[in-house]
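Next up, my_file.pdb (PDB, C-alpha atoms, pLDDT in the B column):
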```pdb
ATOM      1  CA  MET I 278       3.916   4.272  20.926  1.00 49.00           C
ATOM      2  CA  PRO I 279       1.201   1.631  21.468  1.00 51.00           C
ATOM      3  CA  ASP I 280      -1.120   1.188  18.505  1.00 53.00           C
ATOM      4  CA  THR I 281      -4.094   2.439  20.572  1.00 59.00           C
ATOM      5  CA  ASP I 282      -2.437   5.868  20.679  1.00 79.00           C
ATOM      6  CA  LEU I 283      -2.278   6.135  16.893  1.00 89.00           C
ATOM      7  CA  LEU I 284      -4.380   8.359  14.727  1.00 94.00           C
ATOM      8  CA  ILE I 285      -4.803   7.582  11.053  1.00 96.00           C
ATOM      9  CA  ARG I 286      -5.602  10.435   8.690  1.00 96.00           C
ATOM     10  CA  LYS I 287      -5.454  11.209   4.996  1.00 97.00           C
ATOM     11  CA  ALA I 288      -1.959  12.053   3.869  1.00 97.00           C
ATOM     12  CA  LYS I 289      -1.318  15.612   2.765  1.00 96.00           C
ATOM     13  CA  ALA I 290       1.365  17.343   0.759  1.00 96.00           C
ATOM     14  CA  ASP I 291       3.125  18.500   3.939  1.00 96.00           C
ATOM     15  CA  ASP I 292       3.775  14.834   4.841  1.00 97.00           C
ATOM     16  CA  ILE I 293       5.866  14.096   1.752  1.00 98.00           C
ATOM     17  CA  GLY I 294       9.224  14.912   3.363  1.00 98.00           C
ATOM     18  CA  GLN I 295       8.730  12.319   6.106  1.00 98.00           C
ATOM     19  CA  ILE I 296       7.158   9.814   3.700  1.00 98.00           C
ATOM     20  CA  THR I 297      10.246  10.219   1.497  1.00 98.00           C
ATOM     21  CA  ALA I 298      12.551   9.548   4.464  1.00 98.00           C
ATOM     22  CA  ILE I 299      10.631   6.424   5.532  1.00 98.00           C
ATOM     23  CA  TYR I 300      10.656   5.056   2.005  1.00 98.00           C
ATOM     24  CA  ALA I 301      14.311   5.942   1.430  1.00 98.00           C
ATOM     25  CA  GLN I 302      15.348   3.860   4.407  1.00 96.00           C
ATOM     26  CA  ALA I 303      13.284   0.923   3.122  1.00 95.00           C
ATOM     27  CA  VAL I 304      14.904   1.211  -0.298  1.00 96.00           C
ATOM     28  CA  LYS I 305      18.470   1.592   0.981  1.00 96.00           C
ATOM     29  CA  GLU I 306      18.449  -0.962   3.784  1.00 92.00           C
ATOM     30  CA  GLY I 307      15.698  -3.457   3.054  1.00 90.00           C
ATOM     31  CA  THR I 308      13.937  -5.486   0.426  1.00 90.00           C
ATOM     32  CA  ALA I 309      10.362  -4.272   0.945  1.00 89.00           C
ATOM     33  CA  SER I 310      10.891  -2.337  -2.289  1.00 92.00           C
ATOM     34  CA  PHE I 311      12.841  -3.517  -5.288  1.00 93.00           C
ATOM     35  CA  GLU I 312      13.877   0.020  -6.185  1.00 95.00           C
ATOM     36  CA  LEU I 313      17.655   0.309  -5.999  1.00 96.00           C
ATOM     37  CA  THR I 314      17.938   4.070  -5.622  1.00 97.00           C
ATOM     38  CA  ALA I 315      15.676   5.987  -3.258  1.00 97.00           C
ATOM     39  CA  PRO I 316      13.593   8.602  -5.070  1.00 98.00           C
ATOM     40  CA  ASP I 317      13.941  12.203  -3.953  1.00 98.00           C
ATOM     41  CA  GLU I 318      11.184  14.302  -2.432  1.00 98.00           C
ATOM     42  CA  SER I 319      10.162  15.755  -5.792  1.00 98.00           C
ATOM     43  CA  GLU I 320       9.596  12.270  -7.245  1.00 98.00           C
ATOM     44  CA  MET I 321       7.718  11.114  -4.130  1.00 98.00           C
ATOM     45  CA  ARG I 322       5.498  14.208  -4.359  1.00 98.00           C
ATOM     46  CA  ALA I 323       4.724  13.387  -8.004  1.00 98.00           C
ATOM     47  CA  ARG I 324       3.836   9.805  -7.049  1.00 98.00           C
ATOM     48  CA  PHE I 325       1.636  11.007  -4.179  1.00 98.00           C
ATOM     49  CA  ASN I 326      -0.164  13.471  -6.451  1.00 97.00           C
ATOM     50  CA  ALA I 327      -0.778  10.772  -9.072  1.00 95.00           C
ATOM     51  CA  VAL I 328      -2.264   8.350  -6.521  1.00 96.00           C
ATOM     52  CA  VAL I 329      -4.532  10.959  -4.963  1.00 96.00           C
ATOM     53  CA  ALA I 330      -5.580  12.478  -8.318  1.00 94.00           C
ATOM     54  CA  ALA I 331      -6.612   9.024  -9.534  1.00 93.00           C
ATOM     55  CA  GLY I 332      -8.979   8.655  -6.577  1.00 92.00           C
ATOM     56  CA  TYR I 333      -7.020   6.131  -4.517  1.00 96.00           C
ATOM     57  CA  PRO I 334      -6.713   6.436  -0.711  1.00 97.00           C
ATOM     58  CA  TYR I 335      -3.426   7.457   0.927  1.00 98.00           C
ATOM     59  CA  PHE I 336      -3.064   7.534   4.732  1.00 98.00           C
ATOM     60  CA  VAL I 337      -0.491   8.358   7.397  1.00 98.00           C
ATOM     61  CA  ALA I 338      -0.299   7.281  11.036  1.00 97.00           C
ATOM     62  CA  HIS I 339       0.824   9.597  13.806  1.00 94.00           C
ATOM     63  CA  ASP I 340       0.813   9.943  17.573  1.00 85.00           C
ATOM     64  CA  PRO I 341      -1.884  12.453  18.626  1.00 85.00           C
ATOM     65  CA  ALA I 342       0.704  14.133  20.876  1.00 84.00           C
ATOM     66  CA  ALA I 343       2.956  14.652  17.846  1.00 83.00           C
ATOM     67  CA  PRO I 344       0.661  15.124  14.830  1.00 80.00           C
ATOM     68  CA  ASP I 345       3.510  16.377  12.662  1.00 84.00           C
ATOM     69  CA  THR I 346       5.605  13.225  13.166  1.00 92.00           C
ATOM     70  CA  ILE I 347       4.647  10.420  10.804  1.00 96.00           C
ATOM     71  CA  ALA I 348       4.939   6.838  12.090  1.00 96.00           C
ATOM     72  CA  GLY I 349       4.108   5.216   8.767  1.00 97.00           C
ATOM     73  CA  TYR I 350       2.031   5.475   5.638  1.00 98.00           C
ATOM     74  CA  ALA I 351      -0.110   3.314   3.379  1.00 98.00           C
ATOM     75  CA  TYR I 352      -1.809   3.753   0.060  1.00 98.00           C
ATOM     76  CA  ALA I 353      -3.609   1.810  -2.615  1.00 98.00           C
ATOM     77  CA  GLY I 354      -2.875   2.053  -6.285  1.00 96.00           C
ATOM     78  CA  PRO I 355      -3.779   0.156  -9.417  1.00 95.00           C
ATOM     79  CA  TYR I 356      -2.942  -3.527  -9.441  1.00 95.00           C
ATOM     80  CA  ARG I 357      -2.488  -3.143 -13.197  1.00 94.00           C
ATOM     81  CA  THR I 358      -3.424  -0.242 -15.470  1.00 89.00           C
ATOM     82  CA  ARG I 359      -5.379  -2.102 -18.159  1.00 90.00           C
ATOM     83  CA  PRO I 360      -9.123  -1.412 -17.868  1.00 86.00           C
ATOM     84  CA  ALA I 361     -10.201  -4.943 -16.926  1.00 87.00           C
ATOM     85  CA  TYR I 362      -8.135  -4.692 -13.733  1.00 91.00           C
ATOM     86  CA  ARG I 363      -9.723  -1.423 -12.563  1.00 89.00           C
ATOM     87  CA  TRP I 364     -11.635  -3.109  -9.734  1.00 90.00           C
ATOM     88  CA  SER I 365      -8.449  -4.440  -8.105  1.00 94.00           C
ATOM     89  CA  VAL I 366      -5.852  -2.520  -6.110  1.00 97.00           C
ATOM     90  CA  GLU I 367      -2.360  -3.172  -4.822  1.00 98.00           C
ATOM     91  CA  ASN I 368      -1.471  -1.969  -1.339  1.00 98.00           C
ATOM     92  CA  SER I 369       1.744  -0.432  -0.050  1.00 98.00           C
ATOM     93  CA  VAL I 370       2.513  -0.055   3.656  1.00 98.00           C
ATOM     94  CA  TYR I 371       5.711   1.409   5.127  1.00 97.00           C
ATOM     95  CA  VAL I 372       6.484   2.012   8.809  1.00 96.00           C
ATOM     96  CA  ARG I 373       9.408   3.805  10.419  1.00 95.00           C
ATOM     97  CA  PRO I 374      11.935   1.130  11.437  1.00 92.00           C
ATOM     98  CA  ASP I 375      11.880   2.124  15.118  1.00 92.00           C
ATOM     99  CA  LEU I 376       8.096   1.527  15.226  1.00 91.00           C
ATOM    100  CA  GLN I 377       7.846  -1.727  13.285  1.00 91.00           C
ATOM    101  CA  GLY I 378       6.123  -4.601  15.075  1.00 90.00           C
ATOM    102  CA  ARG I 379       4.035  -2.253  17.230  1.00 90.00           C
ATOM    103  CA  GLY I 380       0.754  -2.271  15.312  1.00 93.00           C
ATOM    104  CA  VAL I 381       1.320   0.764  13.097  1.00 96.00           C
ATOM    105  CA  GLY I 382       1.187  -1.219   9.838  1.00 96.00           C
ATOM    106  CA  LYS I 383      -1.912  -3.108  10.943  1.00 97.00           C
ATOM    107  CA  ARG I 384      -3.834   0.048  11.768  1.00 97.00           C
ATOM    108  CA  LEU I 385      -2.838   1.613   8.448  1.00 98.00           C
ATOM    109  CA  LEU I 386      -3.750  -1.464   6.441  1.00 98.00           C
ATOM    110  CA  LEU I 387      -7.121  -1.823   8.208  1.00 98.00           C
ATOM    111  CA  ARG I 388      -7.987   1.766   7.300  1.00 98.00           C
ATOM    112  CA  LEU I 389      -6.842   1.180   3.732  1.00 98.00           C
ATOM    113  CA  ILE I 390      -8.977  -1.947   3.417  1.00 98.00           C
ATOM    114  CA  ASP I 391     -12.054  -0.105   4.692  1.00 97.00           C
ATOM    115  CA  ALA I 392     -11.465   2.831   2.345  1.00 97.00           C
ATOM    116  CA  THR I 393     -10.947   0.724  -0.778  1.00 95.00           C
ATOM    117  CA  ARG I 394     -13.991  -1.391   0.030  1.00 94.00           C
ATOM    118  CA  ALA I 395     -16.089   1.766   0.449  1.00 92.00           C
ATOM    119  CA  LEU I 396     -14.832   3.024  -2.939  1.00 91.00           C
ATOM    120  CA  GLY I 397     -16.131  -0.120  -4.641  1.00 88.00           C
ATOM    121  CA  PHE I 398     -12.912  -2.010  -5.262  1.00 91.00           C
ATOM    122  CA  ARG I 399     -13.271  -5.805  -5.304  1.00 92.00           C
ATOM    123  CA  GLN I 400      -9.799  -7.260  -4.644  1.00 95.00           C
ATOM    124  CA  MET I 401      -6.685  -6.078  -2.836  1.00 98.00           C
ATOM    125  CA  VAL I 402      -3.329  -7.567  -3.794  1.00 98.00           C
ATOM    126  CA  ALA I 403      -0.121  -7.437  -1.780  1.00 98.00           C
ATOM    127  CA  ILE I 404       3.194  -8.027  -3.520  1.00 96.00           C
ATOM    128  CA  ILE I 405       5.617  -8.788  -0.690  1.00 95.00           C
ATOM    129  CA  ALA I 406       9.266  -8.678  -1.606  1.00 89.00           C
ATOM    130  CA  GLY I 407      12.223 -10.135   0.158  1.00 70.00           C
ATOM    131  CA  PRO I 408      13.423 -13.431   1.565  1.00 63.00           C
ATOM    132  CA  GLY I 409      10.236 -14.574   3.222  1.00 66.00           C
ATOM    133  CA  ASN I 410       9.495 -11.248   4.965  1.00 83.00           C
ATOM    134  CA  PRO I 411       7.579 -12.874   7.848  1.00 88.00           C
ATOM    135  CA  GLY I 412       6.519  -9.534   9.362  1.00 90.00           C
ATOM    136  CA  SER I 413       4.672  -8.371   6.268  1.00 93.00           C
ATOM    137  CA  ILE I 414       3.286 -11.825   5.491  1.00 93.00           C
ATOM    138  CA  GLY I 415       2.043 -12.147   9.087  1.00 94.00           C
ATOM    139  CA  LEU I 416       0.457  -8.697   8.960  1.00 96.00           C
ATOM    140  CA  HIS I 417      -1.448  -9.521   5.799  1.00 97.00           C
ATOM    141  CA  GLU I 418      -2.485 -12.980   7.053  1.00 96.00           C
ATOM    142  CA  SER I 419      -3.818 -11.434  10.272  1.00 97.00           C
ATOM    143  CA  LEU I 420      -6.192  -9.311   8.193  1.00 98.00           C
ATOM    144  CA  GLY I 421      -7.495 -12.158   6.047  1.00 97.00           C
ATOM    145  CA  PHE I 422      -5.152 -12.078   3.059  1.00 98.00           C
ATOM    146  CA  GLU I 423      -4.501 -15.478   1.514  1.00 97.00           C
ATOM    147  CA  LEU I 424      -1.450 -16.727  -0.304  1.00 95.00           C
ATOM    148  CA  ALA I 425      -1.969 -16.415  -4.059  1.00 95.00           C
ATOM    149  CA  GLY I 426       1.514 -17.452  -5.148  1.00 94.00           C
ATOM    150  CA  ASN I 427       5.277 -17.100  -4.970  1.00 93.00           C
ATOM    151  CA  LEU I 428       7.639 -15.908  -7.646  1.00 94.00           C
ATOM    152  CA  ARG I 429      11.148 -17.237  -7.151  1.00 94.00           C
ATOM    153  CA  LYS I 430      14.283 -15.158  -7.615  1.00 95.00           C
ATOM    154  CA  VAL I 431      12.596 -12.369  -9.583  1.00 95.00           C
ATOM    155  CA  GLY I 432      14.511  -9.466  -8.009  1.00 93.00           C
ATOM    156  CA  PHE I 433      18.235  -8.915  -7.491  1.00 94.00           C
ATOM    157  CA  LYS I 434      19.115  -6.524  -4.667  1.00 94.00           C
ATOM    158  CA  HIS I 435      21.837  -6.239  -2.034  1.00 92.00           C
ATOM    159  CA  GLY I 436      23.939  -8.823  -3.842  1.00 93.00           C
ATOM    160  CA  ARG I 437      21.401 -11.642  -3.914  1.00 92.00           C
ATOM    161  CA  TRP I 438      18.240 -12.916  -5.555  1.00 94.00           C
ATOM    162  CA  HIS I 439      14.894 -12.368  -3.836  1.00 94.00           C
ATOM    163  CA  ASP I 440      11.463 -13.916  -4.155  1.00 94.00           C
ATOM    164  CA  THR I 441       8.111 -12.189  -4.022  1.00 95.00           C
ATOM    165  CA  THR I 442       5.024 -13.483  -2.288  1.00 95.00           C
ATOM    166  CA  ILE I 443       1.650 -12.540  -3.701  1.00 96.00           C
ATOM    167  CA  MET I 444      -1.270 -12.333  -1.271  1.00 97.00           C
ATOM    168  CA  GLN I 445      -4.874 -11.414  -1.972  1.00 98.00           C
ATOM    169  CA  LEU I 446      -7.882 -10.179  -0.003  1.00 98.00           C
ATOM    170  CA  THR I 447     -11.396 -10.282  -1.386  1.00 96.00           C
ATOM    171  CA  LEU I 448     -13.051  -6.983  -0.524  1.00 94.00           C
ATOM    172  CA  VAL I 449     -16.508  -7.951  -1.829  1.00 87.00           C
ATOM    173  CA  ASP I 450     -17.735 -11.417  -0.911  1.00 77.00           C
ATOM    174  CA  ASP I 451     -20.133 -12.148  -3.772  1.00 68.00           C
ATOM    175  CA  ALA I 452     -18.164 -12.518  -6.994  1.00 63.00           C
ATOM    176  CA  ARG I 453     -21.432 -13.080  -8.888  1.00 64.00           C
ATOM    177  CA  GLU I 454     -22.445  -9.472  -8.224  1.00 69.00           C
ATOM    178  CA  LEU I 455     -21.394  -7.462 -11.240  1.00 69.00           C
ATOM    179  CA  PRO I 456     -19.909  -4.006 -10.770  1.00 67.00           C
ATOM    180  CA  ASP I 457     -21.771  -0.925 -11.950  1.00 66.00           C
ATOM    181  CA  LEU I 458     -19.864  -0.258 -15.144  1.00 64.00           C
ATOM    182  CA  GLN I 459     -20.934   3.388 -15.173  1.00 62.00           C
ATOM    183  CA  ALA I 460     -19.559   4.032 -11.671  1.00 60.00           C
ATOM    184  CA  TYR I 461     -15.996   2.859 -11.336  1.00 57.00           C
ATOM    185  CA  PRO I 462     -13.351   3.352  -8.699  1.00 57.00           C
ATOM    186  CA  GLY I 463     -10.345   5.469  -9.411  1.00 53.00           C
ATOM    187  CA  ASN I 464      -9.859   7.692 -12.439  1.00 51.00           C
ATOM    188  CA  LEU I 465      -7.388   5.526 -14.325  1.00 50.00           C
ATOM    189  CA  TRP I 466      -9.843   4.469 -16.937  1.00 44.00           C
ATOM    190  CA  THR I 467     -12.713   6.430 -18.411  1.00 44.00           C
ATOM    191  CA  PRO I 468     -15.276   4.666 -20.588  1.00 37.00           C
ATOM    192  CA  PRO I 469     -14.953   5.866 -24.205  1.00 37.00           C
ATOM    193  CA  ASP I 470     -18.447   7.393 -24.228  1.00 40.00           C
ATOM    194  CA  ARG I 471     -17.699   9.878 -21.414  1.00 32.00           C
TER     195      ARG I 471
END
```

What does the file become when written as structure tokens?
Amino acid sequence: MPDTDLLIRKAKADDIGQITAIYAQAVKEGTASFELTAPDESEMRARFNAVVAAGYPYFVAHDPAAPDTIAGYAYAGPYRTRPAYRWSVENSVYVRPDLQGRGVGKRLLLRLIDATRALGFRQMVAIIAGPGNPGSIGLHESLGFELAGNLRKVGFKHGRWHDTTIMQLTLVDDARELPDLQAYPGNLWTPPDR
């Protein structure tokens, strides 16, 4: 499936079974996630509901000829939950193994970047796990993410220690522009006077 044939749409509850399968394979066979046991569909549904209820974007990619077959998914969530971080998000992108390297992740991440920017978020952070993970690092670099740091040997999975690479994309160019503190992205934090 060439990336030009992809459609990106908002994820829906009916997609959770395939999202669960894509993520389970990443957990069991790879290092893109540091989870050691793949969550079941019920847990993935709860996570999906929490992301969407908090106002964060969640997308899936599919071939228009097979709209019920998910090629990959991406979502944004809080970088951290303390109120001062509410203008920053962390991205997650997962693609079916048989479609990796074919532009699916790039299309998903582009849509995610546009959506988070439109929602008023200021920074997007990528925490990339694994031994180097050149595919994910290259994807993020191609979309303007810059290296923010490396954490050495912070995760132990598949019998060895793994590093994480932290990358960052500025979504709003002028850091001097202050956010509207009455209008805030996401629903994770509500000002006390509301």

Taking into account only C-alpha atoms, which residue in the set I:Gly426, I:Gly332, I:Gly407, I:Gly421 is nearest to I:Phe311?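 With only C-alpha atoms as the atom set, the closest residue is I:Gly407.
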
Output check: residues returned by the PyMOL selection byres ((chain I and resi 288) around 12), as a PyMOL selection string: chain I and resi 284-287+289-296+322+325-326+328-329+333-339+344-345+347-352+385+389

Just need the box for stretch 294-300 of chain I, edges along x, y and z, holding every atom the file lists for it with 4 Å tacked onto each side, so centre and edge lengths in Å to one decimal, as lines of an AutoDock Vina configuration file.
```
center_x = 9.9
center_y = 10.0
center_z = 3.8
size_x = 13.4
size_y = 17.9
size_z = 12.6
```

Residues of stretch 289-342 of chain I at most 8 Å from stretch 360-384 of chain I: nearest atom pair and distance in Å, only C-alpha atoms, as CSV:
```
residue,atom,partner,partner_atom,distance
I:Ile299,CA,I:Arg373,CA,5.7
I:Tyr300,CA,I:Tyr371,CA,6.9
I:Ala303,CA,I:Tyr371,CA,7.8
I:Ala338,CA,I:Val381,CA,7.0
```

What would the file look like if the residues just selected were written as a PDB file, keeping the file's coordinate frame with C-alpha atoms?
```pdb
ATOM      1  CA  ILE I 299      10.631   6.424   5.532  1.00 98.00           C
ATOM      2  CA  TYR I 300      10.656   5.056   2.005  1.00 98.00           C
ATOM      3  CA  ALA I 303      13.284   0.923   3.122  1.00 95.00           C
ATOM      4  CA  ALA I 338      -0.299   7.281  11.036  1.00 97.00           C
TER       5      ALA I 338
END
```

Give me the result of the PyMOL selection byres ((chain I and resi 446) around 7) on this file, residue by residue, as a PyMOL selection string. chain I and resi 400-402+421-423+445+447-448

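Note on the selection: in this file the PyMOL selection byres ((chain I and resi 427) around 9) comes out as I:Leu424, I:Ala425, I:Gly426, I:Leu428, I:Arg429, I:Asp440, I:Thr441, I:Thr442, I:Ile443, I:Met444.
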
With C-alpha atoms kept, could you save the residues just selected as a PDB file, in the coordinates of the input?
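Okay, selection-v1.pdb is ready:
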```pdb
ATOM      1  CA  LEU I 424      -1.450 -16.727  -0.304  1.00 95.00           C
ATOM      2  CA  ALA I 425      -1.969 -16.415  -4.059  1.00 95.00           C
ATOM      3  CA  GLY I 426       1.514 -17.452  -5.148  1.00 94.00           C
ATOM      4  CA  LEU I 428       7.639 -15.908  -7.646  1.00 94.00           C
ATOM      5  CA  ARG I 429      11.148 -17.237  -7.151  1.00 94.00           C
ATOM      6  CA  ASP I 440      11.463 -13.916  -4.155  1.00 94.00           C
ATOM      7  CA  THR I 441       8.111 -12.189  -4.022  1.00 95.00           C
ATOM      8  CA  THR I 442       5.024 -13.483  -2.288  1.00 95.00           C
ATOM      9  CA  ILE I 443       1.650 -12.540  -3.701  1.00 96.00           C
ATOM     10  CA  MET I 444      -1.270 -12.333  -1.271  1.00 97.00           C
TER      11      MET I 444
END
```

Mind checking which residues fall within 9 Å of I:Val449, counting all atoms listed in the file, ignoring those fewer than 5 positions away in the same chain, and posting them as a list in words?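 Here the answer would be Arg394, Gly397, Phe398, Arg399, Gln400 and Glu454 of chain I.
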
How would stretch 422-440 of chain I read, as a short mmCIF file (atom, residue, chain, number, x, y, z; two decimals), in the coordinates of the input, once N, CA and C atoms are built in?
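Once everything was written out, this is result.cif:
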```cif
data_model
loop_
_atom_site.label_atom_id
_atom_site.label_comp_id
_atom_site.auth_asym_id
_atom_site.auth_seq_id
_atom_site.Cartn_x
_atom_site.Cartn_y
_atom_site.Cartn_z
N PHE I 422 -5.76 -11.83 4.37
CA PHE I 422 -5.15 -12.08 3.06
C PHE I 422 -4.76 -13.55 2.96
N GLU I 423 -4.88 -14.09 1.77
CA GLU I 423 -4.50 -15.48 1.51
C GLU I 423 -3.37 -15.52 0.51
N LEU I 424 -2.55 -16.54 0.63
CA LEU I 424 -1.45 -16.73 -0.30
C LEU I 424 -2.01 -16.99 -1.70
N ALA I 425 -1.55 -16.22 -2.67
CA ALA I 425 -1.97 -16.42 -4.06
C ALA I 425 -0.84 -17.01 -4.89
N GLY I 426 0.41 -16.87 -4.41
CA GLY I 426 1.51 -17.45 -5.15
C GLY I 426 2.86 -16.89 -4.73
N ASN I 427 3.90 -17.53 -5.21
CA ASN I 427 5.28 -17.10 -4.97
C ASN I 427 6.01 -17.05 -6.30
N LEU I 428 6.77 -16.02 -6.48
CA LEU I 428 7.64 -15.91 -7.65
C LEU I 428 9.07 -16.01 -7.14
N ARG I 429 9.81 -16.97 -7.66
CA ARG I 429 11.15 -17.24 -7.15
C ARG I 429 12.21 -16.44 -7.89
N LYS I 430 13.08 -15.83 -7.10
CA LYS I 430 14.28 -15.16 -7.62
C LYS I 430 13.98 -14.18 -8.75
N VAL I 431 12.98 -13.32 -8.54
CA VAL I 431 12.60 -12.37 -9.58
C VAL I 431 13.25 -11.00 -9.40
N GLY I 432 13.86 -10.75 -8.25
CA GLY I 432 14.51 -9.47 -8.01
C GLY I 432 15.92 -9.66 -7.49
N PHE I 433 16.85 -8.84 -7.95
CA PHE I 433 18.24 -8.91 -7.49
C PHE I 433 18.56 -7.61 -6.78
N LYS I 434 18.83 -7.71 -5.48
CA LYS I 434 19.11 -6.52 -4.67
C LYS I 434 20.03 -6.92 -3.52
N HIS I 435 20.88 -6.01 -3.13
CA HIS I 435 21.84 -6.24 -2.03
C HIS I 435 22.67 -7.50 -2.25
N GLY I 436 23.03 -7.73 -3.52
CA GLY I 436 23.94 -8.82 -3.84
C GLY I 436 23.34 -10.21 -3.86
N ARG I 437 22.01 -10.30 -3.86
CA ARG I 437 21.40 -11.64 -3.91
C ARG I 437 20.02 -11.60 -4.57
N TRP I 438 19.56 -12.78 -4.95
CA TRP I 438 18.24 -12.92 -5.56
C TRP I 438 17.18 -12.96 -4.47
N HIS I 439 16.00 -12.39 -4.79
CA HIS I 439 14.89 -12.37 -3.84
C HIS I 439 13.61 -12.83 -4.51
N ASP I 440 12.78 -13.48 -3.71
CA ASP I 440 11.46 -13.92 -4.16
C ASP I 440 10.44 -12.82 -3.87
#
```
